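Written out below as structure tokens is the structure these notes cover.
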Amino acid sequence: MTKTIDLSEQDLRHANRCLQRRDDGTQTEFDVLNPMGAHALAAGLQEAVTVTIHGHVGYYCAGMNQKATVTVHGNAGVGVAENMMSGHVHVTGDASQSAGATGHGGLLVIEGNASSRCGISMKGIDIVVKGSVGHNSAFMAQAGHLVICGDADDGLGDSIYETVIYLRGEAKGLGADCVEKQMDDAHRATLQSLLTKAGVDADPKDFRRYGSARALYNFKIDNVGAY
Amino acid sequence: MCGIVGLYLKDSSLRGRLGSLFGPMLAEMTDRGPDSAGFAVYRGAAEGQHQEAKASLYDPDDAYDWASLADAMGHDLGITIDWDRVSTHAILRGPAGAGAMREWLVKNRPEARVMSTGSSLEIYKETGLPRDVMSRFGVPQMTGSHMIGHTRMATESAVTTEGAHPFNTGDDLCLVHNGSLSNHESLKRMLRREGLVFQTENDSEVAAGYLAWRLSQGASLEEALEAGLKDFDGFYTFTVGTKNGFAVLRDPIACKPAVMAETDQWVAMASEFRSLARLPGVEDATVWEPKPATIYSWGQA
């Protein structure tokens, strides 16, 4: 049975305590009402619970998530699913800056647009954005996949490591060391599997792949005179 | 940090509730700025009273003799100056130009702290928690077309009433700022050479002065903000209030947060969504994050 948590009646700390199952370890499904833009809602979940939030949330929603499935019916503020380890976070509206930042694993789906620095320093998370992303997305991104069905603003993939970016629309500009790469059948299969998991109806053939040129990876002995 | 909010009522039937709608928005930003708070309220213009000029003055002594100041100003300008004491502030009103009032104050009462001049703008600000500041000035009872406000977490200059926002940027214009400017000292030197006078060491006052200077050179508000994008070095989300509305601008890398919402009845901005969460009809509002280096304006701002 689903437990309802109404944030117009309960304080945030108590709500998070419930969602983290620190008092009752049996409840698996939660509905959260009236989030009113609260910060750090459903952060630090470590078990396979299902949380459905009805309304817009503030910063760091579902941050550090492990195993849980969190759906936000609304917009998310800065840092949704930041540092996610595993699980599934789904936002039906837009996400603000730094969505999925530093995430190690799991899947983040944003049905609307994500603003700047989406997937900054991502370390293995998969992010699927149905709309567009803002500037400096996938900055210093190390592992995982960033799928963008719309466009990307300036500086996409700046100083990127081994994250793979799939972009359907246009990039206003690529960041340093980010280049377009060949897309073969294995890449299309990976992308198709991500789109299917995210519930997005799009054709992998319409996407291009971007990644690191690996020219910034290592110290070059030719530059020693600069130090 | 700092928090900023703005509310413009498109539906005139809500204007009697302006203060009661705005107050909770600003109070929600207390975590972002507990040091001081300030706000600008625009009233009178819609009711056809804008032939009158208003000046908002501040003195730390809440028994300051505003009556004799108003008498002296009225005598010299040949008009009757009405005045109301509002805690540490006074609002002077008279059938004069706002410029004439400001000029008289600068010449005859250089010690007076002029918070604002204009035909519909009134600025109030004080140190302390936002809810205490708002209760001193009677925000819940305020009526009008729009308000903008600021809660300050001081970083680069002292916590003083004068250092609180908003800053008046010429008649009926004012600015609130979340962020910090790196080049405010060099901009200030340039603006001083152009004849501008600054009351504080605050970087945001320089931004306000810059916009006032651009406007005095004949730029529109939009042109002044466009020029600011090139000349301001630093982080900023600005909200600029005008007689008829307000405008929002974020720096080109969008370092400081902002969210906007609009319904048929109102348009609002805030540093964080939670400030907007109690506005009537917000569940059906269009909610979005303003893009970097893009000017948004409402109500002929």
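Ligands are numbered from 1 in the order shown, chains are lettered A, B, ... in the order of the structure tokens, and residues start at 1 in each chain.
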Using only C-alpha atoms, which chain A residues lie at most 8 Å away from chain B, written as a PyMOL selection string?
chain A and resi 36-38+55-58+77+94+96+115-116+135
For the selection just defined, write its residues with N, CA and C atoms to a file, as a PDB file, in the first residue's frame.
```pdb
ATOM      1  N   MET A  36       6.307  22.098  -2.788  1.00  0.00           N
ATOM      2  CA  MET A  36       6.518  23.553  -2.661  1.00  0.00           C
ATOM      3  C   MET A  36       7.968  23.975  -2.890  1.00  0.00           C
ATOM      4  N   GLY A  37       8.657  23.284  -3.767  1.00  0.00           N
ATOM      5  CA  GLY A  37      10.038  23.684  -4.071  1.00  0.00           C
ATOM      6  C   GLY A  37      11.041  23.364  -2.978  1.00  0.00           C
ATOM      7  N   ALA A  38      10.709  22.427  -2.092  1.00  0.00           N
ATOM      8  CA  ALA A  38      11.622  22.099  -0.977  1.00  0.00           C
ATOM      9  C   ALA A  38      12.935  21.518  -1.488  1.00  0.00           C
ATOM     10  N   GLY A  55       4.460  17.728  -7.912  1.00  0.00           N
ATOM     11  CA  GLY A  55       4.712  19.168  -7.835  1.00  0.00           C
ATOM     12  C   GLY A  55       6.187  19.464  -8.055  1.00  0.00           C
ATOM     13  N   HIS A  56       6.513  20.782  -8.107  1.00  0.00           N
ATOM     14  CA  HIS A  56       7.892  21.198  -8.377  1.00  0.00           C
ATOM     15  C   HIS A  56       8.763  21.027  -7.127  1.00  0.00           C
ATOM     16  N   VAL A  57      10.001  20.573  -7.341  1.00  0.00           N
ATOM     17  CA  VAL A  57      10.931  20.383  -6.219  1.00  0.00           C
ATOM     18  C   VAL A  57      12.091  21.377  -6.319  1.00  0.00           C
ATOM     19  N   GLY A  58      12.782  21.579  -5.198  1.00  0.00           N
ATOM     20  CA  GLY A  58      13.908  22.516  -5.146  1.00  0.00           C
ATOM     21  C   GLY A  58      15.216  21.830  -5.487  1.00  0.00           C
ATOM     22  N   GLY A  77      14.781  21.612  -9.305  1.00  0.00           N
ATOM     23  CA  GLY A  77      15.765  22.684  -9.149  1.00  0.00           C
ATOM     24  C   GLY A  77      17.179  22.189  -9.406  1.00  0.00           C
ATOM     25  N   ASP A  94      11.000  20.380 -16.537  1.00  0.00           N
ATOM     26  CA  ASP A  94      12.374  20.819 -16.805  1.00  0.00           C
ATOM     27  C   ASP A  94      13.253  20.577 -15.577  1.00  0.00           C
ATOM     28  N   SER A  96      16.779  22.202 -13.607  1.00  0.00           N
ATOM     29  CA  SER A  96      17.675  23.347 -13.555  1.00  0.00           C
ATOM     30  C   SER A  96      19.123  22.882 -13.755  1.00  0.00           C
ATOM     31  N   SER A 115      18.931  22.728 -17.911  1.00  0.00           N
ATOM     32  CA  SER A 115      19.697  23.951 -18.177  1.00  0.00           C
ATOM     33  C   SER A 115      21.191  23.651 -18.084  1.00  0.00           C
ATOM     34  N   SER A 116      21.993  24.658 -17.790  1.00  0.00           N
ATOM     35  CA  SER A 116      23.439  24.520 -17.975  1.00  0.00           C
ATOM     36  C   SER A 116      24.060  23.429 -17.090  1.00  0.00           C
ATOM     37  N   HIS A 135      24.451  25.405 -21.513  1.00  0.00           N
ATOM     38  CA  HIS A 135      25.880  25.432 -21.818  1.00  0.00           C
ATOM     39  C   HIS A 135      26.701  24.567 -20.846  1.00  0.00           C
TER      40      HIS A 135
END
```
Test item: residues at most 12 Å from Gly25 (chain A), only C-alpha atoms, excluding those fewer than 5 positions along its chain, as JSON, numbers by chain:
{"A": [17, 18, 19, 20, 46, 47, 48, 49]}
Tell me which protein, DNA and RNA residues are within 10 Å of Asn83 (chain A), counting only C-alpha atoms, leaving out same-chain ones fewer than 4 positions away, and put them as an NGL selection string.
:A and (44 or 60 or 62-66 or 79 or 99-106 or 119 or 121-125)
Restricting the output to C-alpha atoms, write the selected residues as a PDB file, in the first residue's frame.
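Output contents, as saved in result_2.pdb:
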```
ATOM      1  CA  GLY A  44      20.005   9.869   0.382  1.00  0.00           C
ATOM      2  CA  TYR A  60      19.298  18.313  -4.899  1.00  0.00           C
ATOM      3  CA  ALA A  62      16.998  12.494  -5.102  1.00  0.00           C
ATOM      4  CA  GLY A  63      20.645  13.349  -4.574  1.00  0.00           C
ATOM      5  CA  MET A  64      22.986  10.417  -3.802  1.00  0.00           C
ATOM      6  CA  ASN A  65      20.205   8.029  -4.784  1.00  0.00           C
ATOM      7  CA  GLN A  66      20.822   4.281  -4.536  1.00  0.00           C
ATOM      8  CA  GLY A  79      21.363  19.330  -8.915  1.00  0.00           C
ATOM      9  CA  ALA A  99      21.293  17.770 -13.351  1.00  0.00           C
ATOM     10  CA  GLY A 100      22.919  14.408 -12.632  1.00  0.00           C
ATOM     11  CA  ALA A 101      26.198  16.082 -11.664  1.00  0.00           C
ATOM     12  CA  THR A 102      28.973  13.661 -10.616  1.00  0.00           C
ATOM     13  CA  GLY A 103      26.556  10.700 -10.877  1.00  0.00           C
ATOM     14  CA  HIS A 104      28.190   7.278 -10.673  1.00  0.00           C
ATOM     15  CA  GLY A 105      25.339   5.104 -11.939  1.00  0.00           C
ATOM     16  CA  GLY A 106      21.608   4.700 -12.501  1.00  0.00           C
ATOM     17  CA  GLY A 119      25.958  15.896 -16.389  1.00  0.00           C
ATOM     18  CA  SER A 121      31.696  15.519 -14.058  1.00  0.00           C
ATOM     19  CA  MET A 122      29.409  12.496 -14.541  1.00  0.00           C
ATOM     20  CA  LYS A 123      31.132   9.263 -13.587  1.00  0.00           C
ATOM     21  CA  GLY A 124      28.962   6.481 -14.972  1.00  0.00           C
ATOM     22  CA  ILE A 125      25.368   7.704 -14.749  1.00  0.00           C
TER      23      ILE A 125
END
```
Work out how far apart CA of Cys149 (chain A) and CA of Thr50 (chain A) are and give it in Å to one decimal.
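If I compute the distance from CA of Cys149 (chain A) to CA of Thr50 (chain A), I get 26.3 Å.
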Can you list, as a list in words, every protein, DNA or RNA residue that comes within 7 Å of Thr161 (chain B) when you count only C-alpha atoms, leaving out same-chain residues fewer than 4 positions away?
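Neighbouring residues, sequence-local ones excluded: Lys125, Glu126 and Thr127 of chain B.
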Residues at most 10 Å from region 198-200 of chain A, counting only C-alpha atoms, excluding those fewer than 4 positions away in the same chain, as JSON, numbers by chain?
{"A": [88, 90, 107, 108, 109, 110, 111, 126, 127, 128, 129, 130, 149, 192, 193, 194]}
Selection from above, N, CA and C atoms, as a PDB file, in the first residue's frame, can you write it?
```
ATOM      1  N   HIS A  88      16.713   5.028 -10.427  1.00  0.00           N
ATOM      2  CA  HIS A  88      16.076   5.681 -11.572  1.00  0.00           C
ATOM      3  C   HIS A  88      15.397   6.960 -11.080  1.00  0.00           C
ATOM      4  N   HIS A  90      13.229  10.285 -12.544  1.00  0.00           N
ATOM      5  CA  HIS A  90      12.494  10.719 -13.722  1.00  0.00           C
ATOM      6  C   HIS A  90      11.823  12.067 -13.413  1.00  0.00           C
ATOM      7  N   LEU A 107      19.922   5.753 -13.840  1.00  0.00           N
ATOM      8  CA  LEU A 107      19.377   6.431 -15.023  1.00  0.00           C
ATOM      9  C   LEU A 107      18.597   7.669 -14.590  1.00  0.00           C
ATOM     10  N   LEU A 108      18.908   8.809 -15.201  1.00  0.00           N
ATOM     11  CA  LEU A 108      18.163  10.057 -14.978  1.00  0.00           C
ATOM     12  C   LEU A 108      17.483  10.425 -16.294  1.00  0.00           C
ATOM     13  N   VAL A 109      16.155  10.566 -16.246  1.00  0.00           N
ATOM     14  CA  VAL A 109      15.402  10.960 -17.447  1.00  0.00           C
ATOM     15  C   VAL A 109      14.736  12.303 -17.192  1.00  0.00           C
ATOM     16  N   ILE A 110      14.952  13.236 -18.105  1.00  0.00           N
ATOM     17  CA  ILE A 110      14.324  14.560 -17.997  1.00  0.00           C
ATOM     18  C   ILE A 110      13.466  14.747 -19.249  1.00  0.00           C
ATOM     19  N   GLU A 111      12.160  14.847 -19.053  1.00  0.00           N
ATOM     20  CA  GLU A 111      11.271  14.931 -20.218  1.00  0.00           C
ATOM     21  C   GLU A 111      11.294  16.308 -20.861  1.00  0.00           C
ATOM     22  N   ASP A 126      23.759   7.335 -16.553  1.00  0.00           N
ATOM     23  CA  ASP A 126      23.184   7.569 -17.879  1.00  0.00           C
ATOM     24  C   ASP A 126      22.110   8.641 -17.742  1.00  0.00           C
ATOM     25  N   ILE A 127      22.173   9.650 -18.607  1.00  0.00           N
ATOM     26  CA  ILE A 127      21.210  10.756 -18.560  1.00  0.00           C
ATOM     27  C   ILE A 127      20.542  10.858 -19.923  1.00  0.00           C
ATOM     28  N   VAL A 128      19.218  10.860 -19.931  1.00  0.00           N
ATOM     29  CA  VAL A 128      18.479  11.030 -21.191  1.00  0.00           C
ATOM     30  C   VAL A 128      17.603  12.270 -21.057  1.00  0.00           C
ATOM     31  N   VAL A 129      17.829  13.251 -21.932  1.00  0.00           N
ATOM     32  CA  VAL A 129      17.066  14.505 -21.902  1.00  0.00           C
ATOM     33  C   VAL A 129      16.235  14.574 -23.185  1.00  0.00           C
ATOM     34  N   LYS A 130      14.904  14.620 -23.029  1.00  0.00           N
ATOM     35  CA  LYS A 130      14.048  14.673 -24.230  1.00  0.00           C
ATOM     36  C   LYS A 130      14.126  16.030 -24.903  1.00  0.00           C
ATOM     37  N   CYS A 149      18.019  14.738 -26.887  1.00  0.00           N
ATOM     38  CA  CYS A 149      17.140  14.636 -28.064  1.00  0.00           C
ATOM     39  C   CYS A 149      16.960  15.986 -28.745  1.00  0.00           C
ATOM     40  N   GLN A 192      19.846   2.778 -28.565  1.00  0.00           N
ATOM     41  CA  GLN A 192      18.473   2.254 -28.601  1.00  0.00           C
ATOM     42  C   GLN A 192      18.083   1.705 -27.235  1.00  0.00           C
ATOM     43  N   SER A 193      19.008   1.034 -26.585  1.00  0.00           N
ATOM     44  CA  SER A 193      18.703   0.474 -25.278  1.00  0.00           C
ATOM     45  C   SER A 193      18.465   1.585 -24.240  1.00  0.00           C
ATOM     46  N   LEU A 194      19.231   2.670 -24.326  1.00  0.00           N
ATOM     47  CA  LEU A 194      19.018   3.806 -23.402  1.00  0.00           C
ATOM     48  C   LEU A 194      17.664   4.460 -23.662  1.00  0.00           C
TER      49      LEU A 194
END
```
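Counting only C-alpha atoms, region 91-93 of chain A has the following residues at most 7 Å away, ignoring those fewer than 5 positions along the same chain: A:Thr71, A:Val72, A:His73, A:Gly74, A:Asn75, A:Ala76, A:Val109, A:Ile110, A:Glu111, A:Gly112.
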Looking only at the backbone, which of the residues in region 87-219 of chain A does DSSP tag as strand (DSSP E), as a ChimeraX atom specification?
/A:88-91,107-110,123-129,143-148,164-167,178-181,208-212
Residues near Leu92 (chain B), anyone? I mean within 7 Å using only C-alpha atoms, not counting same-chain ones fewer than 3 positions away, as a list in words.
Lys54, Ala55, Ser56, Ile81, Asp82, Trp83 and Asp84 of chain B
Residue subset to file, keeping N, CA and C atoms, as a tab-separated table (two decimals), in the first residue's frame:
```tsv
chain	number	residue	atom	x	y	z
B	54	LYS	N	7.71	61.57	-5.37
B	54	LYS	CA	7.90	61.00	-4.03
B	54	LYS	C	9.39	60.83	-3.78
B	55	ALA	N	9.76	61.01	-2.54
B	55	ALA	CA	11.13	60.69	-2.15
B	55	ALA	C	11.06	59.82	-0.91
B	56	SER	N	11.85	58.75	-0.89
B	56	SER	CA	11.96	57.90	0.29
B	56	SER	C	13.28	58.23	0.97
B	81	ILE	N	4.73	70.15	0.81
B	81	ILE	CA	5.26	68.79	0.85
B	81	ILE	C	4.55	68.03	1.97
B	82	ASP	N	3.84	66.97	1.58
B	82	ASP	CA	3.25	66.07	2.59
B	82	ASP	C	4.27	65.01	2.94
B	83	TRP	N	4.19	64.50	4.15
B	83	TRP	CA	5.14	63.44	4.51
B	83	TRP	C	4.52	62.46	5.49
B	84	ASP	N	5.01	61.24	5.44
B	84	ASP	CA	4.60	60.18	6.37
B	84	ASP	C	5.83	59.52	6.93
```
Mind listing the alpha helix (DSSP H) residues of region 7-151 of chain B, per DSSP on the backbone, as an MDAnalysis selection string?
chainID B and resid 18:27 66:77 98:108 130:136
How would the residues just picked look written out with N, CA and C atoms as a short mmCIF file (atom, residue, chain, number, x, y, z; two decimals), in the first residue's frame?
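So the final result, stored in again-v2.cif, reads:
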```cif
data_model
loop_
_atom_site.label_atom_id
_atom_site.label_comp_id
_atom_site.auth_asym_id
_atom_site.auth_seq_id
_atom_site.Cartn_x
_atom_site.Cartn_y
_atom_site.Cartn_z
N LEU B 18 -1.14 43.24 -2.98
CA LEU B 18 0.26 43.15 -3.42
C LEU B 18 1.20 42.76 -2.27
N GLY B 19 1.11 43.50 -1.16
CA GLY B 19 2.03 43.26 -0.05
C GLY B 19 1.85 41.89 0.58
N SER B 20 0.59 41.44 0.67
CA SER B 20 0.36 40.14 1.32
C SER B 20 0.79 38.99 0.42
N LEU B 21 0.84 39.21 -0.90
CA LEU B 21 1.36 38.17 -1.81
C LEU B 21 2.88 38.20 -1.85
N PHE B 22 3.44 39.42 -1.77
CA PHE B 22 4.89 39.58 -1.90
C PHE B 22 5.63 39.17 -0.61
N GLY B 23 5.04 39.49 0.54
CA GLY B 23 5.72 39.27 1.82
C GLY B 23 6.23 37.84 2.00
N PRO B 24 5.37 36.83 1.79
CA PRO B 24 5.85 35.44 1.95
C PRO B 24 6.94 35.07 0.95
N MET B 25 6.92 35.68 -0.23
CA MET B 25 7.98 35.41 -1.22
C MET B 25 9.34 35.83 -0.67
N LEU B 26 9.38 37.04 -0.11
CA LEU B 26 10.65 37.56 0.39
C LEU B 26 11.08 36.79 1.65
N ALA B 27 10.09 36.50 2.53
CA ALA B 27 10.41 35.78 3.77
C ALA B 27 11.01 34.41 3.46
N TRP B 66 11.32 65.05 10.52
CA TRP B 66 11.03 65.14 9.08
C TRP B 66 10.17 66.37 8.78
N ALA B 67 9.38 66.82 9.79
CA ALA B 67 8.46 67.93 9.55
C ALA B 67 9.22 69.18 9.13
N SER B 68 10.33 69.45 9.84
CA SER B 68 11.04 70.69 9.49
C SER B 68 11.75 70.55 8.16
N LEU B 69 12.22 69.33 7.85
CA LEU B 69 12.83 69.11 6.53
C LEU B 69 11.79 69.34 5.43
N ALA B 70 10.57 68.79 5.63
CA ALA B 70 9.51 68.93 4.62
C ALA B 70 9.10 70.39 4.47
N ASP B 71 9.03 71.10 5.60
CA ASP B 71 8.67 72.54 5.56
C ASP B 71 9.69 73.33 4.77
N ALA B 72 10.98 73.06 5.06
CA ALA B 72 12.04 73.81 4.40
C ALA B 72 12.04 73.53 2.90
N MET B 73 11.87 72.25 2.54
CA MET B 73 11.84 71.90 1.12
C MET B 73 10.64 72.58 0.45
N GLY B 74 9.48 72.50 1.10
CA GLY B 74 8.27 73.10 0.55
C GLY B 74 8.43 74.60 0.36
N HIS B 75 9.04 75.23 1.35
CA HIS B 75 9.24 76.69 1.29
C HIS B 75 10.11 77.07 0.09
N ASP B 76 11.23 76.34 -0.05
CA ASP B 76 12.17 76.66 -1.14
C ASP B 76 11.60 76.36 -2.51
N LEU B 77 10.81 75.26 -2.61
CA LEU B 77 10.27 74.87 -3.92
C LEU B 77 8.93 75.55 -4.21
N ALA B 98 10.57 64.82 -9.46
CA ALA B 98 11.41 64.02 -8.55
C ALA B 98 12.84 64.55 -8.57
N GLY B 99 13.27 65.00 -9.74
CA GLY B 99 14.63 65.54 -9.87
C GLY B 99 14.82 66.77 -9.00
N ALA B 100 13.79 67.65 -8.95
CA ALA B 100 13.88 68.87 -8.14
C ALA B 100 14.01 68.52 -6.67
N MET B 101 13.26 67.50 -6.24
CA MET B 101 13.34 67.05 -4.84
C MET B 101 14.74 66.55 -4.52
N ARG B 102 15.27 65.70 -5.40
CA ARG B 102 16.58 65.11 -5.15
C ARG B 102 17.65 66.21 -5.12
N GLU B 103 17.54 67.14 -6.08
CA GLU B 103 18.51 68.24 -6.15
C GLU B 103 18.49 69.07 -4.86
N TRP B 104 17.29 69.36 -4.39
CA TRP B 104 17.16 70.16 -3.16
C TRP B 104 17.81 69.43 -1.98
N LEU B 105 17.57 68.12 -1.91
CA LEU B 105 18.11 67.33 -0.79
C LEU B 105 19.64 67.31 -0.83
N VAL B 106 20.19 67.10 -2.03
CA VAL B 106 21.65 67.03 -2.16
C VAL B 106 22.28 68.36 -1.76
N LYS B 107 21.61 69.47 -2.16
CA LYS B 107 22.16 70.80 -1.90
C LYS B 107 21.97 71.23 -0.45
N ASN B 108 20.79 70.97 0.12
CA ASN B 108 20.46 71.52 1.43
C ASN B 108 20.59 70.54 2.58
N PRO B 130 14.43 39.33 7.27
CA PRO B 130 13.41 39.85 6.36
C PRO B 130 12.03 40.02 7.01
N ARG B 131 11.61 39.05 7.82
CA ARG B 131 10.25 39.16 8.38
C ARG B 131 10.15 40.35 9.34
N ASP B 132 11.24 40.64 10.06
CA ASP B 132 11.22 41.78 10.98
C ASP B 132 11.24 43.09 10.20
N VAL B 133 12.05 43.13 9.15
CA VAL B 133 12.11 44.34 8.32
C VAL B 133 10.74 44.61 7.70
N MET B 134 10.12 43.56 7.17
CA MET B 134 8.82 43.75 6.50
C MET B 134 7.75 44.18 7.49
N SER B 135 7.83 43.66 8.72
CA SER B 135 6.80 44.05 9.69
C SER B 135 6.99 45.51 10.13
N ARG B 136 8.24 45.98 10.21
CA ARG B 136 8.48 47.40 10.56
C ARG B 136 7.83 48.33 9.56
#
```
Expressed in Å, the length from CA of Val282 (chain B) to CA of Leu14 (chain B) is 14.6 Å
